[in-house]
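Have a look at the structure below before the remarks.
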Amino acid sequence: MINRILANFFLATILLFAHQVWAKTTSLNIMPYPQSVKFNEQQLAVPEKLSITIEGMSQQRSGALRTLLTSQVKAMGWQISAVDDNVLSIVFIVNNGKTLDYQMPALGTDEGYQLDIRKQQITITAATDFGALHGAATLSQLLYQAKNEQSLSAVSIKDAPRFPWRGFMLDSVRHFMSIDTVKRQLRGMAAAKLNVFHWHLTDDQGWRIALDSYPKLHQLASDGQFYTKAEIRDVVKYASSLGIRVVPEFDVPGHASAIAVAYPHLMSEQKDYQMEDGWGVFEPLLDPSNLEVYIFIDSVVKELTELFPDQYLHIGGDEVDPEQWNNSLHIQTFMQENDLKDAQAIQVFFNQKVEAILASHNRKMMGWDEVFHQDLPQNIMVQSWRGMESLSKIAVNGYQGLLSTGFYIDQPQSSAYHYRNELLQQRPRSAVQPAEDQQVVAYQFEMPRLKGSAVKGTLAMVMKNDYVLHAYVKLNNNHFKKATLDRHLVLQTGEVNFSIDSWMGPTRGEFLLTEDKQEGRILIGNTYYPVSISSIDAFDYSQVELLPNISPIAARNILGGEATLWSELVTDNNVDLRAWPRLFVIAERFWSAKSQKNIDNMFTRLVVLDDFASQIGMQHRQQYRSGLQSLVFSKTDISPLVLLAEQLEPANYYTRHHIKFQQGKYHQNAPLNRFVDYLPVESTALIKMRQQLKAYQQGDKSALQAIVDQLRVWHFNFDKVVSLIKVAPKLDDLPLVVQQARDVNTLALTVAQSCLSDVKIRRAEAKRIKNTLRELHRTSKEIIVASNLFTEQLLAACRA
């Protein structure tokens, strides 16, 4: 009962807040935001009954649209009725002008629509079924928000996507995803106007497709978890009814351990293989010199084309460990006979063969960065996981490309980071040249990771006396990038705080650079990494080269992007918690205008979309609540855990993966049923508090009082959590987290209450508090006390 009351209060607060924001901004709390929105002053009353009329749409998709929209509006409390004077009419008009035949979604299809709300009718017009479906997705969000006020603003929306390829990749290999889970993600995708479901179906840890030509694949290499042909056809049909293409991924020549178990004679090293349950990159590689390998690929592709009608087929092609090729005498001979100089040349040779096989089945090849090579035809699609450097090279050389770096939602990262990840970035053309009275100072640094090689970097600064004017950062072999200087966080001479967005996430350096001391840390999102730093005595500033902008012609080759959800730490029980509502943020980056980039406004709308997603069947909130409940006795009140979770976040980047690797738990059989597995990616409470802090800095003192009130709520909750931990063995990993959260909260309350009393924190005291916060944040762990970083921002706003 208490949980239900809290939930209802939370919902009422969200809707009131959303309504107030709407009234002030005259905008819509929807995502993705439309390209054109025109309001007038009229309000349209929404009765209890709605009618749906669909004209010009294919019968199959018309039925699917009616079923989907009816279920969504009924969940919001409306009734569907026949057309009469007492109902609100919703009319869809599809002006395809040719045929009512059912069409499969395809790249380049017209997806535009117009939505008009006037008098007692809502009209959605489109040139295709697919545009009408997107119009319905917008309408569903508008109706959800109208329910509270029983009215809609008269508005005219004209909308179409910015990019034609707006994808979501789900990994069903590392942890198997049920058909119900897959279909639920498809419904969410449709609501977010995502139009490509990239289904990762084969990898080292399993083969998830039942094929007739090579049955041992699913019989021996799936642990009994695979999709039948009937199930796959059903998913493809269901996705198509929602306007979503399905692109399967069949991973070759690497990530082939499952193939090796079933058919070891196809491998470069022929021996008996066992199922691989660990995470990482493994040795088995298909043998490019074996003609039977290409017969195998041809047979598999033939069956896949019968199941998946899309013109693209993803061959993976990533992370090829060349050891088996390099150690094989017969492959070395094969290389000499075919003038192949190295492993990359072998892979190009192999990909040329595979591309020809796909072409013979009327399919275009798609693969990760590693498949890109100018010896392949330009009609292939290259999906970049290596970032803008790689994507720019792909586009400039005339190849079509997609961006996935920055949209990896299996990595806990902030929505703001995803939102800033513009596909067609306009960067400075060159570094600022220092004036005669300015100096260039440079340092090299190294950030060890918990798994894999260290990240190496260079920090180059243009300074005048001791003041940093400009800073540029280079990570590994990438170009330099202009950094943002976080001057408000600086407390002492020689301290430099800088930020960039890297492939790892929001990357913030906090360096102390004096003559006798160079030390610091890097924060990847919310997660601490120590660094070693040393000065560069004679730095050549001409080395500061920035990544060039691509031409408008080359930009046409960037067709969009895909959010990726790899499943090392994701199961059926928390997949929605990782995907939603963040996928709406990424969908807006793919759909909406480039100018749509106000992060505060995005978060205001995201709060509304969080609840909307739950209303239409996404289970992120349900998985959160049921996950926490599973950690205590069935009838135990979990509200103390909910309040604790507001202060916490899972460690960003791949920190959790790396910690599990060190613990020996980085494998398929490791349980994912702890508190951190049900922890939301980012705290809604902390997002709101950051907005309140900003409001306070702009003169609203009541916003600071709201922060104090929230901190007090947390303060009185810690003893309740401690009592709960004592009787719940599954919470035995929380005592240290709770103590750190309590310590941080005590500091935050001290700062906020002092600030509320108009007593600014003196510099010496601020330095002591900041050092204490850093000590509390020093160790790498799976759960981060995210209120720590908020407290640093609060301290910066409240110090003298």
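Residues are named by chain letter and number: chains run A, B, ... in the order of the structure tokens, numbers start at 1 in each chain, and ligands are numbered from 1 in the order shown.
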
Segment 701-706 of chain A environment, 8 Å, only C-alpha atoms, sequence neighbours closer than 5 positions dropped, as number ranges by chain: A: 692-693, 695-696, 752, 756

Test item: residues at most 9 Å from Phe511 of chain A, only C-alpha atoms, excluding those fewer than 5 positions along its chain, as a ChimeraX atom specification: /A:494-498,518-522,531,533

Polymer residues at most 12 Å from Met189 of chain A, only C-alpha atoms, same-chain spacing of 5 or more positions, as a ChimeraX atom specification: /A:31-32,133-134,137,166-170,182-184,194-198,239-240,242-246,562-563,576,579-588,613,616-618

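From atom CA of Thr571 of chain A back to atom CA of Lys229 of chain A, the distance works out to 22.5 Å.
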
Distance query Phe445 of chain A at most 6 Å, only C-alpha atoms, self and fewer than 6 positions along chain excluded, as a ChimeraX atom specification: /A:456-457,532-533

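Atom CA of Trp566 of chain A lies 7.8 Å from atom CA of Arg174 of chain A.
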
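Across the model, the gap from atom CA of Val173 of chain A to atom CA of Pro650 of chain A is 23.1 Å.
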
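Distances to Gly509 of chain A were evaluated for A:Trp279, A:Trp78, A:Tyr408, A:Tyr529 using only C-alpha atoms, and the minimum falls at A:Tyr529.
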
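Close contacts of Thr493 of chain A, defined as residues with an atom at most 10 Å away when counting only C-alpha atoms, with chain neighbours fewer than 5 positions off set aside, comprise Asp466, Tyr467, Leu512, Leu513 and Thr514 of chain A.
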
Long-range neighbours of Phe633 of chain A as a ChimeraX atom specification, 12 Å cut-off, only C-alpha atoms, 3 positions minimum in chain: /A:626-630,636-638,724-725,727-731

Alpha helix (DSSP H) residues, from DSSP on the backbone, in segment 552-745 of chain A, as a ChimeraX atom specification: /A:552-555,575-579,582-591,599-615,620-629,639-645,655-663,684-697,701-715,718-726,735-745

Residues of segment 522-592 of chain A in strand (DSSP E or B), written as a PyMOL selection string: chain A and resi 522-524+527-536+546+558-565

What does the file look like for those residues with N, CA, C and O atoms, as a PDB file, in the first residue's frame?
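This went into result.pdb:
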ATOM      1  N   ILE A 522      41.077  10.509 -13.320  1.00  0.00           N
ATOM      2  CA  ILE A 522      40.128  10.691 -14.406  1.00  0.00           C
ATOM      3  C   ILE A 522      38.822  10.051 -13.987  1.00  0.00           C
ATOM      4  O   ILE A 522      38.799   8.960 -13.412  1.00  0.00           O
ATOM      5  N   LEU A 523      37.730  10.754 -14.239  1.00  0.00           N
ATOM      6  CA  LEU A 523      36.405  10.212 -14.011  1.00  0.00           C
ATOM      7  C   LEU A 523      35.791   9.854 -15.353  1.00  0.00           C
ATOM      8  O   LEU A 523      35.663  10.712 -16.235  1.00  0.00           O
ATOM      9  N   ILE A 524      35.470   8.567 -15.518  1.00  0.00           N
ATOM     10  CA  ILE A 524      34.707   8.138 -16.688  1.00  0.00           C
ATOM     11  C   ILE A 524      33.251   8.097 -16.238  1.00  0.00           C
ATOM     12  O   ILE A 524      32.820   7.156 -15.579  1.00  0.00           O
ATOM     13  N   THR A 527      32.831   7.164 -12.475  1.00  0.00           N
ATOM     14  CA  THR A 527      33.760   6.161 -11.969  1.00  0.00           C
ATOM     15  C   THR A 527      35.199   6.665 -11.948  1.00  0.00           C
ATOM     16  O   THR A 527      35.690   7.205 -12.943  1.00  0.00           O
ATOM     17  N   TYR A 528      35.859   6.458 -10.832  1.00  0.00           N
ATOM     18  CA  TYR A 528      37.207   6.949 -10.564  1.00  0.00           C
ATOM     19  C   TYR A 528      38.266   6.049 -11.194  1.00  0.00           C
ATOM     20  O   TYR A 528      38.218   4.828 -11.065  1.00  0.00           O
ATOM     21  N   TYR A 529      39.241   6.658 -11.880  1.00  0.00           N
ATOM     22  CA  TYR A 529      40.427   5.960 -12.368  1.00  0.00           C
ATOM     23  C   TYR A 529      41.665   6.803 -12.022  1.00  0.00           C
ATOM     24  O   TYR A 529      41.728   7.983 -12.384  1.00  0.00           O
ATOM     25  N   PRO A 530      42.637   6.226 -11.335  1.00  0.00           N
ATOM     26  CA  PRO A 530      43.873   6.976 -11.056  1.00  0.00           C
ATOM     27  C   PRO A 530      44.697   7.129 -12.334  1.00  0.00           C
ATOM     28  O   PRO A 530      44.568   6.326 -13.269  1.00  0.00           O
ATOM     29  N   VAL A 531      45.528   8.155 -12.382  1.00  0.00           N
ATOM     30  CA  VAL A 531      46.406   8.354 -13.532  1.00  0.00           C
ATOM     31  C   VAL A 531      47.815   8.677 -13.059  1.00  0.00           C
ATOM     32  O   VAL A 531      48.008   9.218 -11.971  1.00  0.00           O
ATOM     33  N   SER A 532      48.780   8.322 -13.883  1.00  0.00           N
ATOM     34  CA  SER A 532      50.155   8.795 -13.675  1.00  0.00           C
ATOM     35  C   SER A 532      50.412   9.885 -14.708  1.00  0.00           C
ATOM     36  O   SER A 532      49.984   9.784 -15.860  1.00  0.00           O
ATOM     37  N   ILE A 533      51.099  10.941 -14.289  1.00  0.00           N
ATOM     38  CA  ILE A 533      51.280  12.129 -15.126  1.00  0.00           C
ATOM     39  C   ILE A 533      52.748  12.528 -15.127  1.00  0.00           C
ATOM     40  O   ILE A 533      53.422  12.458 -14.094  1.00  0.00           O
ATOM     41  N   SER A 534      53.245  12.938 -16.285  1.00  0.00           N
ATOM     42  CA  SER A 534      54.603  13.487 -16.362  1.00  0.00           C
ATOM     43  C   SER A 534      54.622  14.592 -17.411  1.00  0.00           C
ATOM     44  O   SER A 534      53.877  14.556 -18.400  1.00  0.00           O
ATOM     45  N   SER A 535      55.448  15.583 -17.184  1.00  0.00           N
ATOM     46  CA  SER A 535      55.513  16.731 -18.100  1.00  0.00           C
ATOM     47  C   SER A 535      56.278  16.361 -19.364  1.00  0.00           C
ATOM     48  O   SER A 535      57.130  15.470 -19.372  1.00  0.00           O
ATOM     49  N   ILE A 536      55.964  17.041 -20.446  1.00  0.00           N
ATOM     50  CA  ILE A 536      56.683  16.895 -21.713  1.00  0.00           C
ATOM     51  C   ILE A 536      57.534  18.149 -21.873  1.00  0.00           C
ATOM     52  O   ILE A 536      57.013  19.269 -22.004  1.00  0.00           O
ATOM     53  N   LEU A 546      43.369  18.367 -35.004  1.00  0.00           N
ATOM     54  CA  LEU A 546      41.998  17.998 -34.685  1.00  0.00           C
ATOM     55  C   LEU A 546      41.408  17.172 -35.819  1.00  0.00           C
ATOM     56  O   LEU A 546      41.836  17.267 -36.973  1.00  0.00           O
ATOM     57  N   ILE A 558      26.653   8.941 -44.126  1.00  0.00           N
ATOM     58  CA  ILE A 558      26.314   8.555 -42.748  1.00  0.00           C
ATOM     59  C   ILE A 558      24.801   8.458 -42.674  1.00  0.00           C
ATOM     60  O   ILE A 558      24.092   9.465 -42.658  1.00  0.00           O
ATOM     61  N   LEU A 559      24.299   7.245 -42.649  1.00  0.00           N
ATOM     62  CA  LEU A 559      22.860   7.010 -42.777  1.00  0.00           C
ATOM     63  C   LEU A 559      22.143   6.966 -41.435  1.00  0.00           C
ATOM     64  O   LEU A 559      20.912   6.866 -41.404  1.00  0.00           O
ATOM     65  N   GLY A 560      22.866   7.027 -40.340  1.00  0.00           N
ATOM     66  CA  GLY A 560      22.231   7.003 -39.036  1.00  0.00           C
ATOM     67  C   GLY A 560      23.089   6.292 -38.021  1.00  0.00           C
ATOM     68  O   GLY A 560      24.327   6.349 -38.074  1.00  0.00           O
ATOM     69  N   GLY A 561      22.446   5.591 -37.109  1.00  0.00           N
ATOM     70  CA  GLY A 561      23.190   4.916 -36.055  1.00  0.00           C
ATOM     71  C   GLY A 561      22.370   3.822 -35.412  1.00  0.00           C
ATOM     72  O   GLY A 561      21.191   3.616 -35.737  1.00  0.00           O
ATOM     73  N   GLU A 562      23.039   3.100 -34.517  1.00  0.00           N
ATOM     74  CA  GLU A 562      22.372   2.037 -33.776  1.00  0.00           C
ATOM     75  C   GLU A 562      22.816   2.048 -32.322  1.00  0.00           C
ATOM     76  O   GLU A 562      24.016   2.086 -32.021  1.00  0.00           O
ATOM     77  N   ALA A 563      21.841   2.025 -31.419  1.00  0.00           N
ATOM     78  CA  ALA A 563      22.125   1.745 -30.021  1.00  0.00           C
ATOM     79  C   ALA A 563      22.390   0.248 -29.887  1.00  0.00           C
ATOM     80  O   ALA A 563      21.732  -0.557 -30.547  1.00  0.00           O
ATOM     81  N   THR A 564      23.361  -0.117 -29.066  1.00  0.00           N
ATOM     82  CA  THR A 564      23.716  -1.530 -28.919  1.00  0.00           C
ATOM     83  C   THR A 564      23.551  -1.968 -27.472  1.00  0.00           C
ATOM     84  O   THR A 564      23.931  -1.251 -26.550  1.00  0.00           O
ATOM     85  N   LEU A 565      22.982  -3.149 -27.301  1.00  0.00           N
ATOM     86  CA  LEU A 565      22.796  -3.710 -25.962  1.00  0.00           C
ATOM     87  C   LEU A 565      23.397  -5.110 -25.929  1.00  0.00           C
ATOM     88  O   LEU A 565      22.743  -6.099 -26.235  1.00  0.00           O
TER      89      LEU A 565
END

Contacts of Ala766 of chain A at 8 Å (only C-alpha atoms; same-chain gap of 5+ positions) as a PyMOL selection string: chain A and resi 491+761+795+799

Option closest in space to Gln42 of chain A, from A:Thr750, A:Ser542, A:Ser153, A:Gln185 [counting only C-alpha atoms]: A:Ser153
